[in-house]
Amino acid sequence: MRAPQRRRWQYTALGCTLLLALADTVSGAAEPVGIQLSDEERRFLEANEPIVFVSQSRYPPFEFLDDNGERHGMMVELAQWIATEAGFHAQLTDTVFQQAQERVLSGEADVLTSFFYSEARDRRFDFTQTVFEVPAAIFVAVERPDIARIEDLDGKRVATQRGDYAMEYLASRDIEVELIQTDDFAGAARAVMEGAADAMVGDEQIVRYYLYSSGLHEAMKRVGEPLYVGLNAMAVAEGNVLLQSILDKGIDHARTSGTLDRLHEKWVGAELPGRRVEWRDYWLYGAGLALVVALVVAWNVRLRQLVRRKTADLELAASVFRHAREGIVITDAKGDILEVNEAFTRITGYRRDEVLGRNPRMLQSGLQEEGFYRALWQELLEKGAWEGELWNRRKSGETYPELLTISKVCDRQGQVSHFLAVFTDISRQKEYERQLQNMAFFDSLTELPNRILLADRLRQAMLAARRSGCKVSLAYLDLDGFKEINDRLGHGVGDRVLVTIAERLTSALREADTVARLGGDEFIIVLPEQSDVSNVSSLIVRLLRRIAEPIEIEGTCLYVSGSIGVVHFSPEDEIEPEQLIRQADQAMYQAKQAGKNRFYVFDAEHDRAVRGHHESVERMRDALANGEFVLYYQPKVNMSTGEVVGVEALVRWQHPERGLLAPAAFLPTIQQHPLAIDLGEWVLAQALSQFEAWANAGIRLPVSVNIDAIHLQQADFVERLRAEIERHPSVAPGDLELEVLETNALEDIAHVASVMKACRAFGVEFALDDFGTGYSSLTYLRHFPATMLKIDRSFVRDMLDDPEDLTILEGVLGLAVAFRRDIIAEGVETLLHGRMLLAMGYQLGQGYAIARPMPAKAVPAWLESWRPDPTWRHRQRAQPEELQAIYAMVDHRACAAGLLHYLKGERAEPPAASCRKSRLEQWLSALDELSVKGGEHTARIAALCAVYDRLAEEALTLKGHRDDEEVKRHARQMEGVSEELLGLLQYWIDASEAVRDDL
């Protein structure tokens, strides 16, 4: 057939198809709802009931048996639903994958509930239309660097599930592999980890589920892009046309009625994957072609088959041309965009005309540092390609993860002419990983860590304790009176009691602590980084009080108490985590024997603690005599101008066996001990000597030294300090600053104030350290002649998430301005902390985002290289509307987190304020009265605020009606809206700052 004739034939076929589609649409509108079976199909069901569906016993989440032997999964529930809707009796059975196929072929079963399409299988089975798509990939041991693509499998041992399509796929490739067949994908993964295979090929969701649930996700990795996407469907034996037709109608009905979406939402929690081929469209197209063929050759069978084959080829070619799952970007040699495909628009939200001529850096999320992109381009230019994961930002402001491959294209002269980037949105894959991790490591009732995760965290805490010298406290809790509640009121009420106790324990502890549920009414509490175990006792008493508070459920007050066993782990203890848990269990039993509602400390640890403290003090005395202590210095800077205003001297212990120890590992041992005075004298002398050494080298850095309370209270402190300064003639007034803890200074105001005034007389300045943690008052601040206030790092650390900390920072800044004191913020850990502080009016800062403490010899090189971040440089105090936006962002984040905790059952009461009653609404109202740029963003923020408020009100109503499934769905929607809202707020703040800088 010549080309003009072929085109005329195509146009004719397309016109017939459109007419038939219109007719089908009109007639379909009048059809009754449900699965409409023909008389022949009904007779078939009556003659062959029950219809036997055979599923795989190990293929979650599609079909599997749980620990109780009950069948679950998307395809199992779909089969049951179709049977109910079509009105026939279905019998479900299960076996391994290969045997399931044999049962259908032998007639023992009628339907395979979950089967992947291939041409070879199509010769033995008849497939229904595709239900969903499943990607398959290569998995290797994490230490294998040599396998990244399908070509790398040449000559390797490759494992896969017996009978899986992967066997056919590998056989179709031009590579030689030694195939290792296993009963399931779990066996294939074990073959890789045990060295029996070099790699495995399998369905991503199944392999990842096994790795996470078995705690092996760090032992294996997925490499390269998916090899293929499997088309999962139901299947019957070849020639069983009537049953195939019934199943197809059932799947169509499940899709149009939304049942398929609901099943996918239940088992996967994400949007149902799109179908590669729409079989309904094929049926219409085939019908149109059949009509044309009937008019020409009177339904000649041979010609009908020929037309069907030609039409399928045309449709496949057109589909490949029009559709691509991956986003594609083509740029010129300078990196400017020349072309993008439709998937690019779908993923990023940018239209083609919006990006042509622009650089792809417009998509950068800001989550990767500049060094990441420098390394990317270096590898791309040297090796010709780069592949990896990164985070980009959509047009809406939402960030998302993507798998990206960039290749360079050279002309005949070897010069770079173009770059080609292919990327895939892997948000759903990341969500799968998160869900699988939760299933493997968290208790399903309380959402607390389970025994597996507890063992890992306890082991990590013990290893960290051996490195830092701190201790780990372990508390074993068993509820008193819980069994009576469970027996009398039922397991449902008992479960709610357990959830309430879990919430109380979590809310009373630090973020670094771990509360785990072992099972039943037993909980384990891990308290790491304990420098003084005496504080643990007061914490346990508070926990006992909190546990004993009444629990009101459905108008009834219930009472339980707790018996707690406590054991303290010391770094020198040679003990395993399980043994430590057993010791805590023994102590808990002693607490129950003593009358319940109390705690008992394991005796051996108590005796060891008494002896260990004395030995630690003596060891530190020897360390001071042997010169094992060293000073590190942490810079203090003006974050806006970049000026270095001084350094803080910080003591470290260079322990011969344990390495370099931080102050928290040893200073608490000598608190209020005379040895603290000797160490303080040594620190002062060393710091002043180092100041002189820098001054002689042309570097003048004022130095600050922390003074312990017992040292400051010595009667001869002023005279000894004056004598030490006189021994260092280079020290001028203002070169030495002493930092006094606010809590120490408040213990004896009159004496501390007199010492400060005496020292200032010969040029020594003072700073109040950790300001805001004591009982600060205007009277105290007026009496202390301190020139500097150091705001405590805890307020700075949580300022991005806690509006109360933000308010404290604002109040302390106002206090410092009112009393004409300088102020510096400790704990500037990230660039965002610095930007926020500068916007509030803070200029001076100290923290890891600027520099970590360093040896004296490293300071000159740091001074040469130090430059403030460009977003900090010359940053002025924000305008009122910008500050309100910052406060609104933090306030909304805290409010949203509190509401989500309530909806998820993690707290008893909802937060007092909703989105419309927070600072966010105040900010939006204020912007309405001002002429501020960015109206399109503020309009979007206001719209999102309204959506969030509506969802919150609906969720609270549903919570009152105990509709848990709908509450969870609303909670997920609220999280998405809140994330987008916060992203737009940050974008507005950044844009406002940029506009103001340009003016």
# chains A, B, ... in the order shown; residues from 1 in each chain; ligands from 1
$ residues_around --residues "stretch 811-822 of chain A" --least-positions-apart "2" --cutoff "12 Å" --atoms "only C-alpha atoms" --output "VMD selection string"
chain A and resid 638 645 765 to 768 770 to 773 776 to 792 795 to 796 804 to 809 824 to 825 837 to 838 840 to 845
$ select_by_dssp --residues "stretch 188-270 of chain A" --states "alpha helix (DSSP H)" --output "ChimeraX atom specification"
/A:188-193,204-213,241-256,259-267
$ residues_around --residues "A:Ala856" --least-positions-apart "2" --cutoff "9 Å" --atoms "only C-alpha atoms" --output "list in words"
Leu631, Tyr632, Tyr633, Gln690, Met854, Ala858, Val859 and Pro860 of chain A
$ write_last_selection --atoms "N, CA and C atoms" --output "mmCIF file, in the first residue's frame"
data_model
loop_
_atom_site.group_PDB
_atom_site.id
_atom_site.type_symbol
_atom_site.label_atom_id
_atom_site.label_comp_id
_atom_site.auth_asym_id
_atom_site.auth_seq_id
_atom_site.Cartn_x
_atom_site.Cartn_y
_atom_site.Cartn_z
ATOM 1 N N LEU A 631 42.902 24.029 74.681
ATOM 2 C CA LEU A 631 41.868 25.029 74.405
ATOM 3 C C LEU A 631 41.540 25.044 72.917
ATOM 4 N N TYR A 632 40.252 25.071 72.617
ATOM 5 C CA TYR A 632 39.757 25.309 71.259
ATOM 6 C C TYR A 632 39.098 26.691 71.251
ATOM 7 N N TYR A 633 39.001 27.286 70.075
ATOM 8 C CA TYR A 633 38.479 28.645 69.978
ATOM 9 C C TYR A 633 37.370 28.687 68.923
ATOM 10 N N GLN A 690 47.764 32.785 74.555
ATOM 11 C CA GLN A 690 47.442 32.654 73.136
ATOM 12 C C GLN A 690 47.094 34.013 72.525
ATOM 13 N N MET A 854 37.869 25.349 67.035
ATOM 14 C CA MET A 854 39.057 24.880 66.320
ATOM 15 C C MET A 854 40.303 25.116 67.163
ATOM 16 N N ALA A 858 44.642 26.738 63.829
ATOM 17 C CA ALA A 858 43.753 26.791 62.674
ATOM 18 C C ALA A 858 43.071 28.142 62.515
ATOM 19 N N VAL A 859 43.157 29.015 63.526
ATOM 20 C CA VAL A 859 42.425 30.282 63.497
ATOM 21 C C VAL A 859 42.918 31.208 62.388
ATOM 22 N N PRO A 860 44.248 31.437 62.202
ATOM 23 C CA PRO A 860 44.679 32.364 61.131
ATOM 24 C C PRO A 860 44.173 31.970 59.751
#
$ residues_around --residues "A:Asn696" --least-positions-apart "6" --cutoff "12 Å" --atoms "only C-alpha atoms" --output "ChimeraX atom specification"
/A:689-690,728-731
$ write_last_selection --atoms "N, CA, C and O atoms" --output "tab-separated table (two decimals), in the first residue's frame"
chain	number	residue	atom	x	y	z
A	689	SER	N	47.86	33.84	77.14
A	689	SER	CA	49.10	33.56	76.42
A	689	SER	C	48.84	33.44	74.92
A	689	SER	O	49.63	33.94	74.10
A	690	GLN	N	47.76	32.78	74.55
A	690	GLN	CA	47.44	32.65	73.14
A	690	GLN	C	47.09	34.01	72.53
A	690	GLN	O	47.45	34.29	71.38
A	728	HIS	N	50.80	39.50	81.30
A	728	HIS	CA	50.64	39.54	79.84
A	728	HIS	C	50.44	41.00	79.42
A	728	HIS	O	49.30	41.46	79.25
A	729	PRO	N	51.49	41.74	79.27
A	729	PRO	CA	51.40	43.20	79.02
A	729	PRO	C	50.70	43.57	77.71
A	729	PRO	O	50.27	44.71	77.55
A	730	SER	N	50.58	42.65	76.77
A	730	SER	CA	49.93	42.99	75.49
A	730	SER	C	48.42	43.11	75.63
A	730	SER	O	47.75	43.64	74.75
A	731	VAL	N	47.86	42.61	76.73
A	731	VAL	CA	46.42	42.63	76.92
A	731	VAL	C	45.97	44.03	77.31
A	731	VAL	O	46.39	44.55	78.35
$ residues_around --residues "A:Val560" --least-positions-apart "3" --cutoff "12 Å" --atoms "only C-alpha atoms" --output "ChimeraX atom specification"
/A:478-486,494,497-498,500-501,521,544-552,557,563,596-597
$ residues_around --residues "stretch 847-850 of chain A" --least-positions-apart "6" --cutoff "12 Å" --atoms "only C-alpha atoms" --output "ChimeraX atom specification"
/A:633-640,642-644,647-648,792-793,796-797,824-835,862-863,865-869,872
$ residues_around --residues "A:Pro360" --least-positions-apart "3" --cutoff "12 Å" --atoms "only C-alpha atoms" --output "NGL selection string"
:A and (328-332 or 334-340 or 344 or 348 or 350 or 354-357 or 363-365 or 392-394 or 406 or 419-421)
$ write_last_selection --atoms "N, CA and C atoms" --output "mmCIF file, in the first residue's frame"
data_model
loop_
_atom_site.group_PDB
_atom_site.id
_atom_site.type_symbol
_atom_site.label_atom_id
_atom_site.label_comp_id
_atom_site.auth_asym_id
_atom_site.auth_seq_id
_atom_site.Cartn_x
_atom_site.Cartn_y
_atom_site.Cartn_z
ATOM 1 N N ILE A 328 12.004 15.360 29.738
ATOM 2 C CA ILE A 328 13.180 15.469 28.874
ATOM 3 C C ILE A 328 13.462 16.942 28.623
ATOM 4 N N VAL A 329 14.745 17.338 28.782
ATOM 5 C CA VAL A 329 15.175 18.714 28.538
ATOM 6 C C VAL A 329 16.379 18.673 27.617
ATOM 7 N N ILE A 330 16.362 19.486 26.571
ATOM 8 C CA ILE A 330 17.507 19.627 25.667
ATOM 9 C C ILE A 330 17.980 21.068 25.747
ATOM 10 N N THR A 331 19.278 21.265 25.993
ATOM 11 C CA THR A 331 19.850 22.608 26.082
ATOM 12 C C THR A 331 20.972 22.764 25.063
ATOM 13 N N ASP A 332 21.353 24.004 24.820
ATOM 14 C CA ASP A 332 22.533 24.238 23.989
ATOM 15 C C ASP A 332 23.792 24.111 24.835
ATOM 16 N N LYS A 334 25.604 26.290 26.145
ATOM 17 C CA LYS A 334 25.655 27.220 27.287
ATOM 18 C C LYS A 334 24.708 26.805 28.404
ATOM 19 N N GLY A 335 23.849 25.836 28.151
ATOM 20 C CA GLY A 335 22.905 25.387 29.166
ATOM 21 C C GLY A 335 21.532 26.000 29.029
ATOM 22 N N ASP A 336 21.276 26.796 27.991
ATOM 23 C CA ASP A 336 19.956 27.398 27.808
ATOM 24 C C ASP A 336 19.015 26.377 27.165
ATOM 25 N N ILE A 337 17.761 26.341 27.634
ATOM 26 C CA ILE A 337 16.810 25.320 27.215
ATOM 27 C C ILE A 337 16.351 25.562 25.777
ATOM 28 N N LEU A 338 16.439 24.479 24.953
ATOM 29 C CA LEU A 338 15.970 24.520 23.573
ATOM 30 C C LEU A 338 14.624 23.822 23.401
ATOM 31 N N GLU A 339 14.382 22.725 24.155
ATOM 32 C CA GLU A 339 13.148 21.978 23.982
ATOM 33 C C GLU A 339 12.855 21.169 25.244
ATOM 34 N N VAL A 340 11.565 20.993 25.547
ATOM 35 C CA VAL A 340 11.123 20.138 26.641
ATOM 36 C C VAL A 340 9.925 19.330 26.148
ATOM 37 N N PHE A 344 7.768 16.991 31.094
ATOM 38 C CA PHE A 344 8.432 18.083 31.811
ATOM 39 C C PHE A 344 7.389 19.041 32.392
ATOM 40 N N THR A 348 6.987 19.582 36.392
ATOM 41 C CA THR A 348 7.460 20.847 36.973
ATOM 42 C C THR A 348 6.378 21.913 37.070
ATOM 43 N N TYR A 350 5.779 24.038 34.668
ATOM 44 C CA TYR A 350 6.128 25.101 33.730
ATOM 45 C C TYR A 350 5.704 24.705 32.312
ATOM 46 N N GLU A 354 7.306 29.011 28.750
ATOM 47 C CA GLU A 354 7.836 29.685 29.930
ATOM 48 C C GLU A 354 9.306 29.361 30.188
ATOM 49 N N VAL A 355 9.813 28.288 29.608
ATOM 50 C CA VAL A 355 11.181 27.860 29.931
ATOM 51 C C VAL A 355 12.143 27.952 28.761
ATOM 52 N N LEU A 356 11.641 28.067 27.528
ATOM 53 C CA LEU A 356 12.546 28.137 26.386
ATOM 54 C C LEU A 356 13.478 29.340 26.522
ATOM 55 N N GLY A 357 14.776 29.096 26.356
ATOM 56 C CA GLY A 357 15.768 30.162 26.475
ATOM 57 C C GLY A 357 16.283 30.386 27.889
ATOM 58 N N LEU A 363 15.076 25.700 38.311
ATOM 59 C CA LEU A 363 14.370 24.646 39.038
ATOM 60 C C LEU A 363 15.026 24.296 40.364
ATOM 61 N N GLN A 364 16.202 24.859 40.646
ATOM 62 C CA GLN A 364 16.932 24.472 41.855
ATOM 63 C C GLN A 364 16.107 24.751 43.109
ATOM 64 N N SER A 365 16.152 23.790 44.047
ATOM 65 C CA SER A 365 15.366 23.904 45.279
ATOM 66 C C SER A 365 16.097 24.648 46.380
ATOM 67 N N ASN A 392 14.474 19.259 43.270
ATOM 68 C CA ASN A 392 14.154 20.443 42.491
ATOM 69 C C ASN A 392 12.854 21.054 42.991
ATOM 70 N N ARG A 393 12.501 22.205 42.443
ATOM 71 C CA ARG A 393 11.307 22.933 42.889
ATOM 72 C C ARG A 393 10.358 23.132 41.701
ATOM 73 N N ARG A 394 9.072 22.827 41.907
ATOM 74 C CA ARG A 394 8.070 23.038 40.866
ATOM 75 C C ARG A 394 7.720 24.525 40.767
ATOM 76 N N ILE A 406 22.077 13.225 33.034
ATOM 77 C CA ILE A 406 22.488 14.279 32.094
ATOM 78 C C ILE A 406 23.612 13.721 31.228
ATOM 79 N N PHE A 419 23.286 19.507 25.607
ATOM 80 C CA PHE A 419 23.157 18.653 26.787
ATOM 81 C C PHE A 419 21.747 18.076 26.788
ATOM 82 N N LEU A 420 21.633 16.810 27.162
ATOM 83 C CA LEU A 420 20.343 16.130 27.226
ATOM 84 C C LEU A 420 20.112 15.649 28.652
ATOM 85 N N ALA A 421 19.006 16.057 29.257
ATOM 86 C CA ALA A 421 18.662 15.656 30.623
ATOM 87 C C ALA A 421 17.352 14.886 30.604
#
$ select_by_dssp --residues "stretch 138-202 of chain A" --states "strand (DSSP E)" --output "MDAnalysis selection string"
chainID A and resid 138:141 157:161 178:182 199:202
$ decode --residues "stretch 244-269 of chain A" --atoms "N, CA, C and O atoms" --output "PDB file, in the first residue's frame"
ATOM      1  N   GLN A 244     -12.904 -14.264  30.507  1.00  0.00           N
ATOM      2  CA  GLN A 244     -12.076 -13.069  30.261  1.00  0.00           C
ATOM      3  C   GLN A 244     -12.960 -11.837  30.082  1.00  0.00           C
ATOM      4  O   GLN A 244     -12.692 -10.769  30.617  1.00  0.00           O
ATOM      5  N   SER A 245     -14.062 -11.978  29.333  1.00  0.00           N
ATOM      6  CA  SER A 245     -14.965 -10.851  29.095  1.00  0.00           C
ATOM      7  C   SER A 245     -15.625 -10.396  30.401  1.00  0.00           C
ATOM      8  O   SER A 245     -15.759  -9.199  30.670  1.00  0.00           O
ATOM      9  N   ILE A 246     -16.033 -11.360  31.246  1.00  0.00           N
ATOM     10  CA  ILE A 246     -16.655 -11.002  32.529  1.00  0.00           C
ATOM     11  C   ILE A 246     -15.684 -10.219  33.400  1.00  0.00           C
ATOM     12  O   ILE A 246     -16.030  -9.194  34.005  1.00  0.00           O
ATOM     13  N   LEU A 247     -14.451 -10.687  33.460  1.00  0.00           N
ATOM     14  CA  LEU A 247     -13.442  -9.992  34.283  1.00  0.00           C
ATOM     15  C   LEU A 247     -13.149  -8.606  33.745  1.00  0.00           C
ATOM     16  O   LEU A 247     -12.986  -7.642  34.508  1.00  0.00           O
ATOM     17  N   ASP A 248     -13.061  -8.467  32.400  1.00  0.00           N
ATOM     18  CA  ASP A 248     -12.821  -7.146  31.810  1.00  0.00           C
ATOM     19  C   ASP A 248     -13.936  -6.179  32.174  1.00  0.00           C
ATOM     20  O   ASP A 248     -13.706  -5.004  32.493  1.00  0.00           O
ATOM     21  N   LYS A 249     -15.182  -6.640  32.120  1.00  0.00           N
ATOM     22  CA  LYS A 249     -16.296  -5.776  32.494  1.00  0.00           C
ATOM     23  C   LYS A 249     -16.209  -5.392  33.974  1.00  0.00           C
ATOM     24  O   LYS A 249     -16.519  -4.268  34.361  1.00  0.00           O
ATOM     25  N   GLY A 250     -15.815  -6.341  34.803  1.00  0.00           N
ATOM     26  CA  GLY A 250     -15.670  -6.035  36.231  1.00  0.00           C
ATOM     27  C   GLY A 250     -14.594  -4.993  36.486  1.00  0.00           C
ATOM     28  O   GLY A 250     -14.764  -4.088  37.302  1.00  0.00           O
ATOM     29  N   ILE A 251     -13.453  -5.110  35.773  1.00  0.00           N
ATOM     30  CA  ILE A 251     -12.362  -4.136  35.947  1.00  0.00           C
ATOM     31  C   ILE A 251     -12.792  -2.770  35.446  1.00  0.00           C
ATOM     32  O   ILE A 251     -12.515  -1.734  36.069  1.00  0.00           O
ATOM     33  N   ASP A 252     -13.502  -2.741  34.290  1.00  0.00           N
ATOM     34  CA  ASP A 252     -14.019  -1.466  33.780  1.00  0.00           C
ATOM     35  C   ASP A 252     -14.930  -0.810  34.807  1.00  0.00           C
ATOM     36  O   ASP A 252     -14.849   0.399  35.088  1.00  0.00           O
ATOM     37  N   HIS A 253     -15.832  -1.597  35.376  1.00  0.00           N
ATOM     38  CA  HIS A 253     -16.765  -1.060  36.375  1.00  0.00           C
ATOM     39  C   HIS A 253     -16.026  -0.580  37.632  1.00  0.00           C
ATOM     40  O   HIS A 253     -16.373   0.448  38.219  1.00  0.00           O
ATOM     41  N   ALA A 254     -14.998  -1.320  38.048  1.00  0.00           N
ATOM     42  CA  ALA A 254     -14.205  -0.910  39.220  1.00  0.00           C
ATOM     43  C   ALA A 254     -13.492   0.409  38.963  1.00  0.00           C
ATOM     44  O   ALA A 254     -13.365   1.248  39.862  1.00  0.00           O
ATOM     45  N   ARG A 255     -13.049   0.590  37.709  1.00  0.00           N
ATOM     46  CA  ARG A 255     -12.331   1.836  37.395  1.00  0.00           C
ATOM     47  C   ARG A 255     -13.293   3.024  37.340  1.00  0.00           C
ATOM     48  O   ARG A 255     -13.036   4.073  37.916  1.00  0.00           O
ATOM     49  N   THR A 256     -14.414   2.866  36.616  1.00  0.00           N
ATOM     50  CA  THR A 256     -15.335   3.997  36.455  1.00  0.00           C
ATOM     51  C   THR A 256     -16.053   4.339  37.753  1.00  0.00           C
ATOM     52  O   THR A 256     -16.425   5.491  37.973  1.00  0.00           O
ATOM     53  N   SER A 257     -16.272   3.363  38.631  1.00  0.00           N
ATOM     54  CA  SER A 257     -16.960   3.635  39.899  1.00  0.00           C
ATOM     55  C   SER A 257     -16.034   4.160  40.986  1.00  0.00           C
ATOM     56  O   SER A 257     -16.490   4.532  42.064  1.00  0.00           O
ATOM     57  N   GLY A 258     -14.730   4.191  40.707  1.00  0.00           N
ATOM     58  CA  GLY A 258     -13.782   4.689  41.703  1.00  0.00           C
ATOM     59  C   GLY A 258     -13.290   3.625  42.670  1.00  0.00           C
ATOM     60  O   GLY A 258     -12.469   3.904  43.546  1.00  0.00           O
ATOM     61  N   THR A 259     -13.773   2.388  42.539  1.00  0.00           N
ATOM     62  CA  THR A 259     -13.352   1.315  43.450  1.00  0.00           C
ATOM     63  C   THR A 259     -11.869   1.028  43.304  1.00  0.00           C
ATOM     64  O   THR A 259     -11.158   0.806  44.284  1.00  0.00           O
ATOM     65  N   LEU A 260     -11.355   1.057  42.077  1.00  0.00           N
ATOM     66  CA  LEU A 260      -9.924   0.788  41.857  1.00  0.00           C
ATOM     67  C   LEU A 260      -9.066   1.852  42.527  1.00  0.00           C
ATOM     68  O   LEU A 260      -8.036   1.546  43.132  1.00  0.00           O
ATOM     69  N   ASP A 261      -9.512   3.113  42.444  1.00  0.00           N
ATOM     70  CA  ASP A 261      -8.773   4.189  43.123  1.00  0.00           C
ATOM     71  C   ASP A 261      -8.771   3.986  44.627  1.00  0.00           C
ATOM     72  O   ASP A 261      -7.767   4.199  45.312  1.00  0.00           O
ATOM     73  N   ARG A 262      -9.950   3.592  45.167  1.00  0.00           N
ATOM     74  CA  ARG A 262     -10.026   3.405  46.617  1.00  0.00           C
ATOM     75  C   ARG A 262      -9.158   2.245  47.081  1.00  0.00           C
ATOM     76  O   ARG A 262      -8.518   2.309  48.141  1.00  0.00           O
ATOM     77  N   LEU A 263      -9.127   1.169  46.327  1.00  0.00           N
ATOM     78  CA  LEU A 263      -8.243   0.047  46.687  1.00  0.00           C
ATOM     79  C   LEU A 263      -6.781   0.478  46.677  1.00  0.00           C
ATOM     80  O   LEU A 263      -6.002   0.148  47.564  1.00  0.00           O
ATOM     81  N   HIS A 264      -6.407   1.226  45.634  1.00  0.00           N
ATOM     82  CA  HIS A 264      -5.012   1.687  45.556  1.00  0.00           C
ATOM     83  C   HIS A 264      -4.680   2.634  46.701  1.00  0.00           C
ATOM     84  O   HIS A 264      -3.597   2.587  47.284  1.00  0.00           O
ATOM     85  N   GLU A 265      -5.627   3.524  47.040  1.00  0.00           N
ATOM     86  CA  GLU A 265      -5.403   4.461  48.153  1.00  0.00           C
ATOM     87  C   GLU A 265      -5.230   3.707  49.467  1.00  0.00           C
ATOM     88  O   GLU A 265      -4.400   4.051  50.305  1.00  0.00           O
ATOM     89  N   LYS A 266      -6.035   2.641  49.653  1.00  0.00           N
ATOM     90  CA  LYS A 266      -5.954   1.848  50.895  1.00  0.00           C
ATOM     91  C   LYS A 266      -4.619   1.160  51.036  1.00  0.00           C
ATOM     92  O   LYS A 266      -4.008   1.165  52.104  1.00  0.00           O
ATOM     93  N   TRP A 267      -4.129   0.516  49.940  1.00  0.00           N
ATOM     94  CA  TRP A 267      -2.935  -0.328  50.074  1.00  0.00           C
ATOM     95  C   TRP A 267      -1.643   0.408  49.766  1.00  0.00           C
ATOM     96  O   TRP A 267      -0.590   0.013  50.255  1.00  0.00           O
ATOM     97  N   VAL A 268      -1.687   1.469  48.941  1.00  0.00           N
ATOM     98  CA  VAL A 268      -0.453   2.162  48.569  1.00  0.00           C
ATOM     99  C   VAL A 268      -0.433   3.575  49.089  1.00  0.00           C
ATOM    100  O   VAL A 268       0.604   4.118  49.412  1.00  0.00           O
ATOM    101  N   GLY A 269      -1.581   4.230  49.206  1.00  0.00           N
ATOM    102  CA  GLY A 269      -1.641   5.586  49.750  1.00  0.00           C
ATOM    103  C   GLY A 269      -1.181   6.630  48.766  1.00  0.00           C
ATOM    104  O   GLY A 269      -0.690   7.660  49.134  1.00  0.00           O
TER     105      GLY A 269
END
